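Q: The structure's right below; bear with me while I get my questions together.
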Amino acid sequence: MILLSLVLALAGLSVSTLPAAAAEGDVAGATLEWGVKASFRSYLVGPIAHGHWTASGVTDSTPFGWSGGSGAAPGGSGAVAYAGSLQFQGHQGYGVAAEEYALDLTFSDVTVRVTSATTAELVLDARSRVLADPTTFVELNDAVIATLDLAGGTDASTSGVIAWNGVPAVLTADGATAFGGFYPAGTALDPVSFSWPVETAPEPEPVVPTISVSETTDLESGDVVTVTGTGFGPNETGGPLGTRPPLAGKFSGVYVTFGTFLDVWKPSESAPSSARKTALGATKWVVDADDVATIGGAAAGAIAIDEDGSFSVEIAVTDNFAGALADGNYGIYTYPGSGATYAPFETFTPISFATETTPTAPPVDPVTTPAPGSLGWGIKASFREYVTGPIANGSISVSSGAGVAGGGYWFPQSSAGVTATTVDIAYRGAVTFTGHSGALNLRIADPGVRITSATAAVLSVATGSGRVDFATLNLGAATATTDASGARTYTSTPATLTSAGAASFDGFYAAGTALDPVTFTIGSANVASGRTSTTSAASAATHTPDATPPATEGIDSEQSDFTEGEEGTFTAAGFLPGESGILAVIYSEPTVLATNVTADADGAVTWRGNLPTGLTGEHTFTFQGSVDRGIVLDIAAADVVGCTVEGAELTWGFKESFRAYIDGSIANGEWATADGATYETPAFGWANGTGGYDAETEDADLAFTGSVRFTGHGGVLDTTIANPRVVIEGNRAVLLLDVTGTTQDGAPVSSVGVEFAELDLDAAERAGGGDLIAFTSIPAVLTDAGAAAFGTYPAGEALDPLDLSITVDPACGEAASTTTSLETSVDSENASAVSSWPWIVGALVVLLIAAAIVILTRRARRV
């Protein structure tokens, strides 16, 4: 992991450029495992090809293994070469001499080349027969035959070893040539695993951060001291890394501050933020030069650190500042910024004053509030997930004017007040968390922000035990802006749980725990009210749709006439600026068409998509978010498709990785077919389909009966897909399903006729003629509505391809028979069995698929 974080653009390094003597980054004794392609191996040794493979310098067991690889990987990238060869031979005597093989493919001198932190290439020499002419060989040298997706594999690297397991491999155009045209470019190959032991430089002596202060005794209030630091650069891992905005995941830098801290104050010792009180304007944040602007520049106390980890800052000290701890120690302190924890950056240099006085609070400038204010806060993401997860099995509801927006909760401002020392802003609304059959019941209501200085504030809330100071807010780490009306907004303000807040959680979290960041606007009273919503049983949606249409007005459409399955465009206004998680739902029975419609900067939303096929008559389309909007539609039925089919069959594996997950040790589940659906490894089947087919337009509407029930996780997952329907209209084809039960996360679902997947007929293989129209390997992609109904995968996820056959009256199918591209290879009885590879691949395609399925050992892959 450490080495791979240093991967740079050294992709072009070849073995010939390596120095003779070992140097940092040299690789020796490298290993490689790769099975080439499991289905290809099964086909080779199966009853069709009757072939074999020969390994030379490579282990013969699968996946094949290479050892003794060498090369260089300076900085983590580079190239490593492996000696040895693999030869695959089959179809002896087909179109060639009796002792030769029509399938003859040799791979040798394999090289793995890492090109970036997430990508690599498989390079080798290849010699293979050409499909069009089995008597001709094609030879490739140093050909990139596959691209490797490191991001899709498992990083198993350690100090001194670069290692990746299960890296997905995809065939390139040269790779397709290397296979003699047996597979097209883009075909998935077996995953690749490799291990590179590398020469590493000796560990440098650790750098100890140190601080010196120009003056430390007999100081007068208002004196300026110079603080010099050395050794505060990133450590060997690039850290410490920030855990919250604005430097989350980046070098955190270091806070250099003056204040009064308790004896136990260090974040590495889990001391709460209340143990550290700093004077107004006395904190500097030393960060990478590139991040100075990110945290607000010099005005926000940003200081650029030198490349060697040193810095020098000036800080004014005073013995009279608001919030000074009576039992604290005056001093110059340093510790990591942005919520990071790193003990070497924690230093304390004590200082003393000639005369000490009792601290008093400085005045705070009044804040004007002309525009409506609001507060957005998610409380804590992990707590929300716990409450709605399978353990607590609870729910979250908002009330009293609060709303759901942007993955969190929204509270309108109710008032604001200014005193000589503070600014108090009050917001209204409540969020209630319940779970564990009522044992968990936490209500957080009416949040208030009390600003005590330019960099600090307190977030208070009302709970069942009264109002408490729930969290401290670090305004200095927020992004502060003021609009033309004078309303001031603090964005992504870090929030830290206080001891009183921890008590409100009944000890679920300790004081000092980071909460979700808070964004709040100080403005005038806000009369807007959020929608009341509930999230339960780990629902992936921000909120669930209402049982009945919550509104029938407020949506505009570009069209006035609607037809089932037809695309429509709907727009509405009045939502929060930038609000996300807005639902698009159509009624009578609520069907979610989209779960994350997002408003623009003016609060306007637009959804463009297809109305559900099979939905006709009067229905209501709605947007549901912080407000509700609707429109009543009169949806006409689509024209009846062509002639009545005599039968149809559908074969579909749903999703191979999902079946493996269900059948694996995590879900420990199973599936069952019913009502006419069947399962024969590796696919489900639906027969006796009914409907219509138009030979002239090739449109179709086919319905099947039968269900598949997936169960797992001890019953938490219990989802049934049933009654598939395939609709082909013009250039668009969709698969509709009934989806009922509970999702993988335990959320209830009951959706009928969901447009579950988009089908790409243009990318499918077509066969048949006369009374049979057949499509094989139809690519299928999950739709927004399918993702909302199934709850496990996002929209756009690739599902297993489908096979579809339609039997029609010969007169109805006559037009289609003229378009088939494989008719002669299917029906011809006189095709030569040994003339060429295309005949082997085409005429035996059905046997090939059947044999490969029987022989192939299915391996479970991650969902």
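Naming works like this for the structure tokens: A, B, ... for the chains as they're shown, residue 1 at the start of each chain, ligands 1 onward in shown order.
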With only C-alpha atoms as the counted atoms, please give the residues lying no more than 9 Å from Tyr693 of chain A, apart from itself and same-chain residues fewer than 3 positions off, as a list in words.

A: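 After dropping sequence-adjacent residues, the list is Val641, Gly642, Cys643, Thr644, Val645, Thr697, Glu698, Asp699, Ala700, Asp701, Leu702, Ile806, Val808, Cys812 and Gly813 of chain A.
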
Q: Of the residues A:Gly689, A:Gly464, A:Gly394, A:Gly408, which is the one nearest to Gly378 of chain A, using only C-alpha atoms?

A: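 Ranking A:Gly689, A:Gly464, A:Gly394, A:Gly408 by distance to Gly378 of chain A, first place goes to A:Gly408.
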
Q: Restricting the calculation to only C-alpha atoms: of A:Val468, A:Val213, A:Ala500, A:Ala514, which residue gets closest to Ala340 of chain A?

A: A:Ala514

Q: Would you compute the distance between atom CA of Asp556 of chain A and atom CA of Thr783 of chain A? Give it in Å to one decimal.

A: 23.7 Å

Q: Among segment 445-588 of chain A, which ones does DSSP place in alpha helix (DSSP H), written as a ChimeraX atom specification?

A: /A:499-504

Q: With N, CA and C atoms retained, write the just-selected residues as a PDB file, in the first residue's frame.

A:
```
ATOM      1  N   SER A 499     -19.259  16.481  25.919  1.00  0.00           N
ATOM      2  CA  SER A 499     -19.612  15.476  26.920  1.00  0.00           C
ATOM      3  C   SER A 499     -21.128  15.444  27.142  1.00  0.00           C
ATOM      4  N   ALA A 500     -21.795  16.618  27.084  1.00  0.00           N
ATOM      5  CA  ALA A 500     -23.255  16.643  27.207  1.00  0.00           C
ATOM      6  C   ALA A 500     -23.910  15.959  26.020  1.00  0.00           C
ATOM      7  N   GLY A 501     -23.346  16.162  24.821  1.00  0.00           N
ATOM      8  CA  GLY A 501     -23.869  15.483  23.645  1.00  0.00           C
ATOM      9  C   GLY A 501     -23.685  13.981  23.739  1.00  0.00           C
ATOM     10  N   ALA A 502     -22.523  13.552  24.275  1.00  0.00           N
ATOM     11  CA  ALA A 502     -22.283  12.115  24.449  1.00  0.00           C
ATOM     12  C   ALA A 502     -23.309  11.515  25.402  1.00  0.00           C
ATOM     13  N   ALA A 503     -23.668  12.269  26.458  1.00  0.00           N
ATOM     14  CA  ALA A 503     -24.688  11.780  27.396  1.00  0.00           C
ATOM     15  C   ALA A 503     -26.038  11.632  26.708  1.00  0.00           C
ATOM     16  N   SER A 504     -26.342  12.534  25.773  1.00  0.00           N
ATOM     17  CA  SER A 504     -27.604  12.438  25.029  1.00  0.00           C
ATOM     18  C   SER A 504     -27.646  11.175  24.179  1.00  0.00           C
TER      19      SER A 504
END
```

Q: Using only C-alpha atoms, pick whichever of A:Thr115, A:Asn141, A:Phe194, A:Val80 has the shortest atom-to-atom distance to Thr154 of chain A.

A: A:Phe194

Q: Choose the residue, out of A:Tyr342, A:Phe258, A:Tyr101, A:Tyr333, that has the smallest atom-to-atom separation from Asn320 of chain A; count only C-alpha atoms.

A: A:Phe258

Q: Using only C-alpha atoms, determine which residues lie at most 9 Å from Pro350 of chain A, disregarding the query and same-chain residues fewer than 5 positions distant; provide the list as a count of residues only.

A: 7

Q: Please, which residues of segment 128-270 of chain A, numbered as in this document, come out strand (DSSP E or B) from DSSP, as a ChimeraX atom specification?

A: /A:128-130,133-149,154-155,158,161-171,188-198,210-213,219,224-230,241-242,248,251,254-261

Q: Please list as a ChimeraX atom specification every residue within 9 Å of Val749 of chain A, counting only C-alpha atoms and excluding residues in the same chain fewer than 2 positions away.

A: /A:719,739-743,747,751,789-791

Q: Excluding segment 181-191 of chain A and any residue of its chain fewer than 5 positions from it, enumerate the residues within 10 Å of it, using only C-alpha atoms, and give them as a ChimeraX atom specification.

A: /A:33-40,63,103,128-132,145-149,152-153,165-176,837-838,841

Q: Can I get the selected residues back with N, CA, C and O atoms, as a short mmCIF file (atom, residue, chain, number, x, y, z; two decimals), in the first residue's frame?

A:
```
data_model
loop_
_atom_site.label_atom_id
_atom_site.label_comp_id
_atom_site.auth_asym_id
_atom_site.auth_seq_id
_atom_site.Cartn_x
_atom_site.Cartn_y
_atom_site.Cartn_z
N GLU A 33 0.16 -15.22 -11.65
CA GLU A 33 -0.86 -16.25 -11.83
C GLU A 33 -1.93 -15.74 -12.78
O GLU A 33 -2.44 -14.63 -12.60
N TRP A 34 -2.26 -16.56 -13.78
CA TRP A 34 -3.27 -16.17 -14.77
C TRP A 34 -3.81 -17.42 -15.44
O TRP A 34 -3.04 -18.25 -15.93
N GLY A 35 -5.11 -17.57 -15.47
CA GLY A 35 -5.72 -18.73 -16.08
C GLY A 35 -6.09 -18.55 -17.54
O GLY A 35 -6.73 -19.40 -18.13
N VAL A 36 -5.70 -17.42 -18.17
CA VAL A 36 -6.02 -17.03 -19.55
C VAL A 36 -7.52 -16.78 -19.66
O VAL A 36 -7.97 -15.65 -19.60
N LYS A 37 -8.34 -17.83 -19.82
CA LYS A 37 -9.81 -17.68 -19.83
C LYS A 37 -10.40 -19.06 -19.56
O LYS A 37 -10.18 -20.02 -20.31
N ALA A 38 -11.14 -19.15 -18.48
CA ALA A 38 -11.66 -20.44 -18.03
C ALA A 38 -12.53 -21.09 -19.09
O ALA A 38 -12.41 -22.30 -19.34
N SER A 39 -13.43 -20.32 -19.72
CA SER A 39 -14.31 -20.93 -20.72
C SER A 39 -13.53 -21.41 -21.93
O SER A 39 -13.89 -22.40 -22.56
N PHE A 40 -12.41 -20.72 -22.26
CA PHE A 40 -11.57 -21.15 -23.38
C PHE A 40 -10.90 -22.49 -23.05
O PHE A 40 -10.84 -23.40 -23.89
N PRO A 63 -4.97 -21.64 -11.87
CA PRO A 63 -4.42 -20.75 -12.88
C PRO A 63 -2.94 -21.03 -13.12
O PRO A 63 -2.23 -21.44 -12.21
N LEU A 103 -6.81 -25.28 -34.31
CA LEU A 103 -6.65 -24.32 -33.20
C LEU A 103 -5.25 -24.53 -32.65
O LEU A 103 -4.94 -25.57 -32.07
N SER A 128 -0.54 -17.70 -33.60
CA SER A 128 -1.81 -18.41 -33.62
C SER A 128 -2.32 -18.55 -35.05
O SER A 128 -1.92 -17.82 -35.96
N ARG A 129 -3.21 -19.53 -35.23
CA ARG A 129 -3.89 -19.72 -36.51
C ARG A 129 -4.85 -18.56 -36.77
O ARG A 129 -5.38 -17.95 -35.84
N VAL A 130 -5.09 -18.27 -38.02
CA VAL A 130 -6.06 -17.26 -38.43
C VAL A 130 -7.37 -17.97 -38.75
O VAL A 130 -7.39 -18.95 -39.51
N LEU A 131 -8.47 -17.50 -38.18
CA LEU A 131 -9.75 -18.18 -38.36
C LEU A 131 -10.13 -18.33 -39.83
O LEU A 131 -10.63 -19.35 -40.26
N ALA A 132 -9.93 -17.26 -40.58
CA ALA A 132 -10.36 -17.28 -41.97
C ALA A 132 -9.55 -18.26 -42.82
O ALA A 132 -10.00 -18.72 -43.86
N ILE A 145 -1.94 -7.44 -25.08
CA ILE A 145 -3.13 -8.24 -25.40
C ILE A 145 -4.27 -8.02 -24.41
O ILE A 145 -5.40 -8.40 -24.68
N ALA A 146 -3.97 -7.39 -23.28
CA ALA A 146 -5.04 -7.16 -22.31
C ALA A 146 -4.72 -5.94 -21.46
O ALA A 146 -3.55 -5.65 -21.17
N THR A 147 -5.78 -5.20 -21.10
CA THR A 147 -5.64 -4.11 -20.13
C THR A 147 -6.06 -4.64 -18.76
O THR A 147 -6.98 -5.46 -18.66
N LEU A 148 -5.39 -4.19 -17.71
CA LEU A 148 -5.65 -4.64 -16.35
C LEU A 148 -6.17 -3.49 -15.51
O LEU A 148 -5.58 -2.40 -15.52
N ASP A 149 -7.25 -3.73 -14.81
CA ASP A 149 -7.88 -2.70 -13.97
C ASP A 149 -7.48 -2.94 -12.51
O ASP A 149 -8.13 -3.68 -11.78
N GLY A 152 -9.96 -2.56 -9.74
CA GLY A 152 -10.94 -3.62 -9.56
C GLY A 152 -10.39 -4.84 -8.85
O GLY A 152 -11.12 -5.77 -8.56
N GLY A 153 -9.06 -4.86 -8.58
CA GLY A 153 -8.45 -5.97 -7.88
C GLY A 153 -8.25 -5.67 -6.40
O GLY A 153 -8.74 -4.67 -5.88
N ASN A 165 -4.04 -8.93 -6.33
CA ASN A 165 -4.78 -10.19 -6.53
C ASN A 165 -6.10 -9.92 -7.24
O ASN A 165 -6.75 -8.91 -6.99
N GLY A 166 -6.48 -10.86 -8.11
CA GLY A 166 -7.79 -10.80 -8.75
C GLY A 166 -8.02 -9.57 -9.59
O GLY A 166 -9.11 -9.01 -9.58
N VAL A 167 -7.00 -9.14 -10.37
CA VAL A 167 -7.13 -7.94 -11.18
C VAL A 167 -7.90 -8.26 -12.46
O VAL A 167 -7.49 -9.13 -13.23
N PRO A 168 -9.03 -7.58 -12.73
CA PRO A 168 -9.78 -7.84 -13.95
C PRO A 168 -8.94 -7.55 -15.20
O PRO A 168 -8.21 -6.57 -15.26
N ALA A 169 -9.07 -8.44 -16.20
CA ALA A 169 -8.33 -8.31 -17.46
C ALA A 169 -9.32 -8.28 -18.62
O ALA A 169 -10.26 -9.08 -18.66
N VAL A 170 -9.12 -7.36 -19.57
CA VAL A 170 -10.02 -7.20 -20.72
C VAL A 170 -9.19 -7.26 -22.00
O VAL A 170 -8.15 -6.59 -22.13
N LEU A 171 -9.65 -8.06 -22.96
CA LEU A 171 -8.94 -8.29 -24.21
C LEU A 171 -8.87 -7.02 -25.05
O LEU A 171 -9.86 -6.30 -25.20
N THR A 172 -7.68 -6.73 -25.63
CA THR A 172 -7.51 -5.61 -26.53
C THR A 172 -7.72 -6.06 -27.97
O THR A 172 -7.94 -7.25 -28.24
N ALA A 173 -7.61 -5.10 -28.91
CA ALA A 173 -7.71 -5.45 -30.33
C ALA A 173 -6.56 -6.38 -30.73
O ALA A 173 -6.76 -7.36 -31.46
N ASP A 174 -5.33 -6.10 -30.26
CA ASP A 174 -4.21 -7.01 -30.53
C ASP A 174 -4.46 -8.37 -29.88
O ASP A 174 -4.08 -9.41 -30.43
N GLY A 175 -5.10 -8.34 -28.69
CA GLY A 175 -5.43 -9.60 -28.04
C GLY A 175 -6.40 -10.43 -28.86
O GLY A 175 -6.27 -11.65 -28.95
N ALA A 176 -7.38 -9.75 -29.49
CA ALA A 176 -8.33 -10.47 -30.35
C ALA A 176 -7.60 -11.10 -31.53
O ALA A 176 -7.88 -12.22 -31.94
N TRP A 837 -12.31 -21.76 -39.47
CA TRP A 837 -12.72 -21.45 -38.09
C TRP A 837 -14.10 -20.81 -38.02
O TRP A 837 -14.85 -21.08 -37.08
N PRO A 838 -14.49 -19.92 -38.93
CA PRO A 838 -15.84 -19.35 -38.81
C PRO A 838 -16.91 -20.42 -38.79
O PRO A 838 -17.92 -20.29 -38.11
N VAL A 841 -16.91 -21.91 -35.22
CA VAL A 841 -17.53 -21.01 -34.24
C VAL A 841 -19.02 -20.83 -34.50
O VAL A 841 -19.81 -20.80 -33.59
#
```

Q: For Ala703 of chain A, which residue out of A:Glu649, A:Asp675, A:Asp218, A:Asp506 is the nearest one, using only C-alpha atoms?

A: A:Glu649

Q: Give me the residues near Ser56 of chain A as a PDB file with N, CA and C atoms, in the first residue's frame, where near means some atom within 8 Å (using only C-alpha atoms) and where sequence neighbours in that chain fewer than 2 positions away do not count.

A:
```pdb
ATOM      1  N   THR A  54      -0.009 -27.221 -23.422  1.00  0.00           N
ATOM      2  CA  THR A  54       1.343 -27.622 -23.035  1.00  0.00           C
ATOM      3  C   THR A  54       2.027 -26.429 -22.393  1.00  0.00           C
ATOM      4  N   VAL A  58       6.252 -22.948 -17.124  1.00  0.00           N
ATOM      5  CA  VAL A  58       5.056 -22.424 -16.466  1.00  0.00           C
ATOM      6  C   VAL A  58       4.372 -23.588 -15.775  1.00  0.00           C
ATOM      7  N   THR A  59       3.869 -23.373 -14.555  1.00  0.00           N
ATOM      8  CA  THR A  59       3.182 -24.467 -13.878  1.00  0.00           C
ATOM      9  C   THR A  59       1.928 -24.855 -14.652  1.00  0.00           C
ATOM     10  N   GLY A  84       8.921 -18.388 -20.223  1.00  0.00           N
ATOM     11  CA  GLY A  84       8.026 -19.529 -20.289  1.00  0.00           C
ATOM     12  C   GLY A  84       6.983 -19.359 -21.372  1.00  0.00           C
ATOM     13  N   SER A  85       6.299 -20.449 -21.711  1.00  0.00           N
ATOM     14  CA  SER A  85       5.298 -20.393 -22.776  1.00  0.00           C
ATOM     15  C   SER A  85       4.151 -21.341 -22.485  1.00  0.00           C
ATOM     16  N   LEU A  86       3.008 -21.042 -23.115  1.00  0.00           N
ATOM     17  CA  LEU A  86       1.821 -21.882 -23.068  1.00  0.00           C
ATOM     18  C   LEU A  86       1.345 -22.113 -24.495  1.00  0.00           C
TER      19      LEU A  86
END
```
